Amino acid sequence: MRKFVSNTASGDLSLLRRSFQYLKLLRPLAASQSRFLSSTPVSHLPSSMPSSNPSTLPVSLDTINPKVLKCEYAVRGEIVTIAQRLQQELLAKPGSHPFDEILYCNIGNPQSLSQQPITFFREVLALCDHPTILDKSETQGLFSADAIERAWQILDQIPGRATGAYSHSQGIKGLRDTIATGIEARDGFPADPNDIFLTDGASPAVHMMMQLLIRSEKDGILCPIPQYPLYSASIALHGGTLVPYYLDEAAGWGLEISELRKQLEAAKSKGITVRALVVINPGNPTGQVLAEENQRDIVEFCKREGLVLLADEVYQENVYVPEKTFHSFKKISRSMGYGEKDISLVSFQSVSKGYYGECGKRGGYMEVTGFSPDVREQMYKVASVNLCSNISGQILASLVMSPPKVGDESYESYCGEKEGILSSLARRAKALEDAFKKLEGVSCNEAEGAMYLFPRIHLPQKAIKAAEAAKTAPDAFYCHRLLNATGIVVVPGSGFGQVPGTWHFRCTILPQEDKIPAIVSRLTEFHQGFMDEFRD
């Protein structure tokens, strides 16, 4: 049996003894400071203490970066703040509202809604984070043999076998090797570990690319509408211009090349240089999965127009309909014969979505291809400013791209857990879709993938006028009323962008299956009452 050599046992005991001695020395000092603070009049306190008057503070909304004021992120906006307040009120005073719990359908955060982590992944993480237990005989009975073997492999790749140490700024080389091998197995085309930048989830990778591409407000990024607000927020923060292209709701949220051309030409006529095209596949918040032919057209468009293709592929494991299959844009472009010199492509992946749902571990990566060595040096420089992404997230990213294989001890249990989660998500998506379609004035496209439905609500004019009187968007007005009446938290479509004059909301499919009937029942009752109240 391999041994993890460590002298931490005696060192820890010595450290504890020194800590207790240090605390004994601190007690008299802390007591004297406490007496000083309790007996000193306010007028005798140092004049450098900050005033509580906001007008005298050095930073105000008038003096902060205006790009921060412009940035918005609806997924954790006002409605979620209200929901958290209501939750506290329910805890403090049960029965104070017409519901007994808050049902969070606003954000793709699976484990907060009781989804269980994948056992193999957590076993490997536990062993890597506390490697001294690899030496204990009990470990063989508590952990699967392949998890123990994988932990040793990973620890051997980490300098000093320390998950608490910094790594290479692109991520641990051995883990990038594993991810590259996983990408090759998925796509059937080579992948280079030097093209991979491990990040704290996909979001920092998106920010890094926006920081690289946007020089001023004259630089534009083509983004889908509806879109995940990360893109509008990051474009605003980095001082660029969002160039919208509208997905076709009537065609299942289809992406039309004619719409891309139209918006590209409109941007050019305003003096905007469009640098990149964002494509989210499977879609967030819209749930569509792009057809392979459509992807080929998108690749051809980017190549012809000289655009960087920013491919958000974090939901690649979340496909629920048998007639659709996920294909990465890297695979599509290589199958078309396009290589490094033909198209600039960045693919984003995350451990937060899929069947794993490890949002809090903050793991992800971007694969960067089609950029010159001097530009790659600048990317590395920006990555090095943040030193490195967290090591647990790096490990998880490697596990996601290299899960147990046939013959491994964990393979059957892993497959069972994965299939159980994905099949349940498909059932939940179908149940909510059917429920939305039964509501008066509501239409809803099929959730082919991802974790969301984006139903359209046809609101009565009286409701729209009531929203105007309340100085809020009509769909936000509806979502506020829904929350206060039912405890259900959804996000107004206006936070994602939508065709002017249409109203939507985004609802996750993540609440556990036994909660879905309650959501459907509460929502149906509320909606009927709302429509009756504001009927024209």
# chains A, B, ... in the order shown; residues from 1 in each chain; ligands from 1
call {"tool": "residues_around", "arguments": {"residues": "Leu523 (chain A)", "least_positions_apart": "3", "cutoff": "8 Å", "atoms": "only C-alpha atoms", "output": "number ranges by chain"}}
result
A: 482, 486, 488, 519-520, 526-527
call {"tool": "write_last_selection", "arguments": {"atoms": "N, CA and C atoms", "output": "compact mmCIF listing (two decimals), in the first residue's frame"}}
result
# COMPACT_ATOMS: atom_id res chain seq x y z
N LEU A 482 -46.59 36.74 -8.04
CA LEU A 482 -46.46 35.29 -7.89
C LEU A 482 -45.71 34.93 -6.61
N THR A 486 -47.44 32.92 -3.54
CA THR A 486 -47.17 31.47 -3.54
C THR A 486 -45.83 31.08 -2.95
N ILE A 488 -43.17 31.11 -4.78
CA ILE A 488 -42.41 30.61 -5.93
C ILE A 488 -41.56 31.74 -6.50
N ILE A 519 -45.64 23.10 -6.89
CA ILE A 519 -45.36 24.27 -7.74
C ILE A 519 -46.46 24.45 -8.77
N VAL A 520 -46.83 23.35 -9.43
CA VAL A 520 -47.87 23.40 -10.46
C VAL A 520 -49.19 23.86 -9.86
N PHE A 526 -52.70 30.67 -8.65
CA PHE A 526 -52.33 32.08 -8.71
C PHE A 526 -52.65 32.67 -10.08
N HIS A 527 -52.25 31.97 -11.13
CA HIS A 527 -52.40 32.51 -12.48
C HIS A 527 -53.87 32.76 -12.82
call {"tool": "residues_around", "arguments": {"residues": "region 163-179 of chain A", "least_positions_apart": "6", "cutoff": "7 Å", "atoms": "only C-alpha atoms", "output": "list in words"}}
result
Asp129, Gln157, Pro193, Ile196, Phe197, Leu198, Ala383, Ser384, Leu387, Cys388, Ser389, Ile391, Gln394, Ile395, Ser398, Met401 and Ser402 of chain A
call {"tool": "residues_around", "arguments": {"residues": "region 135-150 of chain A", "least_positions_apart": "3", "cutoff": "7 Å", "atoms": "only C-alpha atoms", "output": "PyMOL selection string"}}
result
chain A and resi 3-4+120+123-124+132+153-154+408-410
call {"tool": "residues_around", "arguments": {"residues": "Ala291 (chain A)", "least_positions_apart": "4", "cutoff": "9 Å", "atoms": "only C-alpha atoms", "output": "ChimeraX atom specification"}}
result
/A:295-296,324-327
call {"tool": "residues_around", "arguments": {"residues": "Ser392 (chain A)", "least_positions_apart": "6", "cutoff": "9 Å", "atoms": "only C-alpha atoms", "output": "MDAnalysis selection string"}}
result
chainID A and resid 125 128:129 163 361:363
call {"tool": "write_last_selection", "arguments": {"atoms": "all heavy atoms", "output": "PDB file, in the first residue's frame"}}
result
ATOM      1  N   LEU A 125     -12.283  13.846  -4.310  1.00  0.00           N
ATOM      2  CA  LEU A 125     -12.000  15.151  -3.701  1.00  0.00           C
ATOM      3  C   LEU A 125     -11.604  15.006  -2.236  1.00  0.00           C
ATOM      4  O   LEU A 125     -10.655  15.647  -1.770  1.00  0.00           O
ATOM      5  CB  LEU A 125     -13.231  16.055  -3.801  1.00  0.00           C
ATOM      6  CG  LEU A 125     -13.449  16.842  -5.087  1.00  0.00           C
ATOM      7  CD1 LEU A 125     -14.727  17.667  -4.975  1.00  0.00           C
ATOM      8  CD2 LEU A 125     -12.265  17.756  -5.376  1.00  0.00           C
ATOM      9  N   CYS A 128      -8.099  13.617  -1.939  1.00  0.00           N
ATOM     10  CA  CYS A 128      -7.072  14.588  -2.340  1.00  0.00           C
ATOM     11  C   CYS A 128      -6.905  15.687  -1.299  1.00  0.00           C
ATOM     12  O   CYS A 128      -5.779  16.141  -1.040  1.00  0.00           O
ATOM     13  CB  CYS A 128      -7.438  15.208  -3.691  1.00  0.00           C
ATOM     14  SG  CYS A 128      -7.255  14.095  -5.101  1.00  0.00           S
ATOM     15  N   ASP A 129      -7.999  16.112  -0.697  1.00  0.00           N
ATOM     16  CA  ASP A 129      -7.933  17.193   0.284  1.00  0.00           C
ATOM     17  C   ASP A 129      -7.385  16.739   1.630  1.00  0.00           C
ATOM     18  O   ASP A 129      -6.862  17.552   2.397  1.00  0.00           O
ATOM     19  CB  ASP A 129      -9.318  17.818   0.476  1.00  0.00           C
ATOM     20  CG  ASP A 129      -9.621  18.891  -0.557  1.00  0.00           C
ATOM     21  OD1 ASP A 129      -8.663  19.455  -1.120  1.00  0.00           O
ATOM     22  OD2 ASP A 129     -10.805  19.159  -0.805  1.00  0.00           O
ATOM     23  N   THR A 163      -3.226  20.388  -2.062  1.00  0.00           N
ATOM     24  CA  THR A 163      -4.351  21.063  -2.710  1.00  0.00           C
ATOM     25  C   THR A 163      -4.543  22.480  -2.182  1.00  0.00           C
ATOM     26  O   THR A 163      -5.348  23.236  -2.725  1.00  0.00           O
ATOM     27  CB  THR A 163      -5.661  20.277  -2.508  1.00  0.00           C
ATOM     28  OG1 THR A 163      -5.929  20.151  -1.105  1.00  0.00           O
ATOM     29  CG2 THR A 163      -5.582  18.898  -3.146  1.00  0.00           C
ATOM     30  N   LYS A 361     -18.282  24.535  -5.861  1.00  0.00           N
ATOM     31  CA  LYS A 361     -16.874  24.152  -5.989  1.00  0.00           C
ATOM     32  C   LYS A 361     -16.122  25.051  -6.964  1.00  0.00           C
ATOM     33  O   LYS A 361     -14.893  25.026  -7.001  1.00  0.00           O
ATOM     34  CB  LYS A 361     -16.756  22.687  -6.432  1.00  0.00           C
ATOM     35  CG  LYS A 361     -17.307  21.691  -5.436  1.00  0.00           C
ATOM     36  CD  LYS A 361     -16.564  21.749  -4.116  1.00  0.00           C
ATOM     37  CE  LYS A 361     -17.082  20.695  -3.155  1.00  0.00           C
ATOM     38  NZ  LYS A 361     -16.439  20.776  -1.836  1.00  0.00           N
ATOM     39  N   ARG A 362     -16.862  25.813  -7.783  1.00  0.00           N
ATOM     40  CA  ARG A 362     -16.289  26.791  -8.703  1.00  0.00           C
ATOM     41  C   ARG A 362     -15.180  26.192  -9.566  1.00  0.00           C
ATOM     42  O   ARG A 362     -14.010  26.537  -9.458  1.00  0.00           O
ATOM     43  CB  ARG A 362     -15.759  28.023  -7.958  1.00  0.00           C
ATOM     44  CG  ARG A 362     -16.729  28.702  -7.000  1.00  0.00           C
ATOM     45  CD  ARG A 362     -18.095  28.979  -7.601  1.00  0.00           C
ATOM     46  NE  ARG A 362     -18.063  29.833  -8.765  1.00  0.00           N
ATOM     47  CZ  ARG A 362     -18.751  29.574  -9.879  1.00  0.00           C
ATOM     48  NH1 ARG A 362     -19.481  28.486  -9.995  1.00  0.00           N
ATOM     49  NH2 ARG A 362     -18.684  30.404 -10.893  1.00  0.00           N
ATOM     50  N   GLY A 363     -15.570  25.285 -10.419  1.00  0.00           N
ATOM     51  CA  GLY A 363     -14.638  24.679 -11.363  1.00  0.00           C
ATOM     52  C   GLY A 363     -15.104  24.884 -12.788  1.00  0.00           C
ATOM     53  O   GLY A 363     -16.310  24.901 -13.060  1.00  0.00           O
TER      54      GLY A 363
END
call {"tool": "atom_distance", "arguments": {"atom1": "CA of Glu292 (chain A)", "atom2": "CA of Ser328 (chain A)"}}
result
9.4 Å
call {"tool": "residues_around", "arguments": {"residues": "Asn281 (chain A)", "least_positions_apart": "5", "cutoff": "9 Å", "atoms": "only C-alpha atoms", "output": "CSV table (one decimal) with all heavy atoms, in the first residue's frame"}}
result
chain,number,residue,atom,x,y,z
A,287,GLY,N,-33.5,26.8,-23.5
A,287,GLY,CA,-33.5,25.4,-23.5
A,287,GLY,C,-33.5,24.7,-24.8
A,287,GLY,O,-33.7,23.4,-24.9
A,288,GLN,N,-33.2,25.4,-25.9
A,288,GLN,CA,-33.1,24.7,-27.2
A,288,GLN,C,-31.7,24.1,-27.4
A,288,GLN,O,-30.7,24.5,-26.8
A,288,GLN,CB,-33.4,25.7,-28.3
A,288,GLN,CG,-32.2,26.5,-28.8
A,288,GLN,CD,-31.9,27.7,-27.9
A,288,GLN,OE1,-32.4,27.8,-26.8
A,288,GLN,NE2,-31.0,28.6,-28.3
A,289,VAL,N,-31.7,23.0,-28.2
A,289,VAL,CA,-30.4,22.4,-28.6
A,289,VAL,C,-30.2,22.6,-30.1
A,289,VAL,O,-31.1,22.2,-30.9
A,289,VAL,CB,-30.4,20.9,-28.3
A,289,VAL,CG1,-29.1,20.2,-28.7
A,289,VAL,CG2,-30.6,20.7,-26.8
A,290,LEU,N,-29.1,23.2,-30.5
A,290,LEU,CA,-28.9,23.5,-31.9
A,290,LEU,C,-28.7,22.2,-32.8
A,290,LEU,O,-28.1,21.3,-32.3
A,290,LEU,CB,-27.7,24.4,-32.1
A,290,LEU,CG,-27.7,25.8,-31.5
A,290,LEU,CD1,-26.4,26.5,-31.7
A,290,LEU,CD2,-28.8,26.6,-32.2
A,311,ALA,N,-18.3,30.0,-27.5
A,311,ALA,CA,-19.3,28.9,-27.4
A,311,ALA,C,-19.5,28.5,-25.9
A,311,ALA,O,-18.6,27.9,-25.3
A,311,ALA,CB,-18.8,27.7,-28.2
A,312,ASP,N,-20.7,28.9,-25.4
A,312,ASP,CA,-21.0,28.5,-24.0
A,312,ASP,C,-21.7,27.2,-24.1
A,312,ASP,O,-22.8,27.0,-24.6
A,312,ASP,CB,-22.0,29.6,-23.5
A,312,ASP,CG,-22.4,29.3,-22.1
A,312,ASP,OD1,-22.4,28.2,-21.6
A,312,ASP,OD2,-22.7,30.3,-21.4
A,313,GLU,N,-20.9,26.2,-23.6
A,313,GLU,CA,-21.3,24.8,-23.7
A,313,GLU,C,-21.5,24.1,-22.4
A,313,GLU,O,-21.3,22.9,-22.3
A,313,GLU,CB,-20.4,24.0,-24.7
A,313,GLU,CG,-20.3,24.6,-26.1
A,313,GLU,CD,-19.3,24.0,-27.0
A,313,GLU,OE1,-18.3,23.4,-26.6
A,313,GLU,OE2,-19.6,24.1,-28.3
A,314,VAL,N,-21.8,24.9,-21.4
A,314,VAL,CA,-21.8,24.4,-20.0
A,314,VAL,C,-23.0,23.4,-19.8
A,314,VAL,O,-22.9,22.6,-18.8
A,314,VAL,CB,-21.9,25.5,-19.0
A,314,VAL,CG1,-20.7,26.4,-19.2
A,314,VAL,CG2,-23.2,26.2,-19.0
A,315,TYR,N,-24.0,23.3,-20.6
A,315,TYR,CA,-25.1,22.4,-20.5
A,315,TYR,C,-25.0,21.2,-21.4
A,315,TYR,O,-26.0,20.6,-21.7
A,315,TYR,CB,-26.4,23.1,-20.7
A,315,TYR,CG,-26.7,24.2,-19.7
A,315,TYR,CD1,-26.4,25.5,-20.0
A,315,TYR,CD2,-27.2,23.9,-18.4
A,315,TYR,CE1,-26.7,26.6,-19.1
A,315,TYR,CE2,-27.4,24.9,-17.5
A,315,TYR,CZ,-27.1,26.2,-17.8
A,315,TYR,OH,-27.3,27.2,-16.9
A,316,GLN,N,-23.8,20.9,-21.8
A,316,GLN,CA,-23.6,19.8,-22.8
A,316,GLN,C,-24.1,18.5,-22.4
A,316,GLN,O,-24.5,17.6,-23.2
A,316,GLN,CB,-22.1,19.7,-23.3
A,316,GLN,CG,-21.1,19.4,-22.1
A,316,GLN,CD,-19.7,19.6,-22.6
A,316,GLN,OE1,-19.0,18.6,-22.9
A,316,GLN,NE2,-19.3,20.9,-22.7
A,326,PHE,N,-25.9,16.7,-28.5
A,326,PHE,CA,-25.0,17.9,-28.3
A,326,PHE,C,-23.7,17.6,-29.2
A,326,PHE,O,-23.2,16.5,-29.1
A,326,PHE,CB,-24.5,18.0,-26.9
A,326,PHE,CG,-23.4,19.0,-26.7
A,326,PHE,CD1,-23.6,20.4,-26.8
A,326,PHE,CD2,-22.1,18.5,-26.6
A,326,PHE,CE1,-22.5,21.2,-26.7
A,326,PHE,CE2,-21.0,19.4,-26.5
A,326,PHE,CZ,-21.2,20.7,-26.5
A,327,HIS,N,-23.3,18.6,-29.9
A,327,HIS,CA,-22.1,18.6,-30.7
A,327,HIS,C,-21.3,19.9,-30.3
A,327,HIS,O,-21.9,21.0,-30.4
A,327,HIS,CB,-22.3,18.5,-32.2
A,327,HIS,CG,-23.0,17.3,-32.6
A,327,HIS,ND1,-22.4,16.1,-32.7
A,327,HIS,CD2,-24.3,17.2,-33.1
A,327,HIS,CE1,-23.3,15.2,-33.2
A,327,HIS,NE2,-24.4,15.8,-33.4
A,328,SER,N,-20.1,19.7,-29.9
A,328,SER,CA,-19.3,20.9,-29.6
A,328,SER,C,-19.0,21.7,-30.9
A,328,SER,O,-18.9,21.1,-32.0
A,328,SER,CB,-18.0,20.6,-28.9
A,328,SER,OG,-17.1,20.1,-29.8
A,449,GLY,N,-33.1,20.9,-23.7
A,449,GLY,CA,-31.9,20.8,-22.9
A,449,GLY,C,-31.8,21.8,-21.8
A,449,GLY,O,-32.7,22.6,-21.6
A,450,ALA,N,-30.6,21.9,-21.2
A,450,ALA,CA,-30.3,22.9,-20.2
A,450,ALA,C,-31.1,22.6,-18.9
A,450,ALA,O,-31.5,21.5,-18.7
A,450,ALA,CB,-30.4,24.3,-20.7
call {"tool": "select_by_dssp", "arguments": {"residues": "region 328-497 of chain A", "states": "strand (DSSP E or B)", "output": "ChimeraX atom specification"}}
result
/A:345-350,364-369,442-443,449,452-453,456-457,488-489,491-492
call {"tool": "closest_residue", "arguments": {"among": "A:Gly487, A:Gly360, A:Gly529, A:Pro66", "to": "Glu101 (chain A)", "atoms": "only C-alpha atoms"}}
result
A:Gly487
call {"tool": "closest_residue", "arguments": {"among": "A:Gly441, A:Ile82, A:Ile225, A:Val243", "to": "Arg481 (chain A)", "atoms": "only C-alpha atoms"}}
result
A:Ile82
call {"tool": "closest_residue", "arguments": {"among": "A:Ala397, A:Leu255, A:Leu230, A:Ala267", "to": "Lys218 (chain A)", "atoms": "only C-alpha atoms"}}
result
A:Ala267
call {"tool": "atom_distance", "arguments": {"atom1": "CA of Asn284 (chain A)", "atom2": "CA of Phe454 (chain A)"}}
result
8.9 Å
call {"tool": "closest_residue", "arguments": {"among": "A:Leu212, A:Ile516, A:Val499, A:Ile183", "to": "Asp434 (chain A)", "atoms": "only C-alpha atoms"}}
result
A:Ile516
call {"tool": "closest_residue", "arguments": {"among": "A:Arg122, A:Leu86, A:Gly201, A:Gly182", "to": "Cys359 (chain A)", "atoms": "only C-alpha atoms"}}
result
A:Gly201
call {"tool": "atom_distance", "arguments": {"atom1": "CA of Gln115 (chain A)", "atom2": "CA of Lys515 (chain A)"}}
result
12.6 Å
call {"tool": "closest_residue", "arguments": {"among": "A:Asp219, A:Glu265, A:Glu448, A:Asp374", "to": "Asn318 (chain A)", "atoms": "only C-alpha atoms"}}
result
A:Glu448
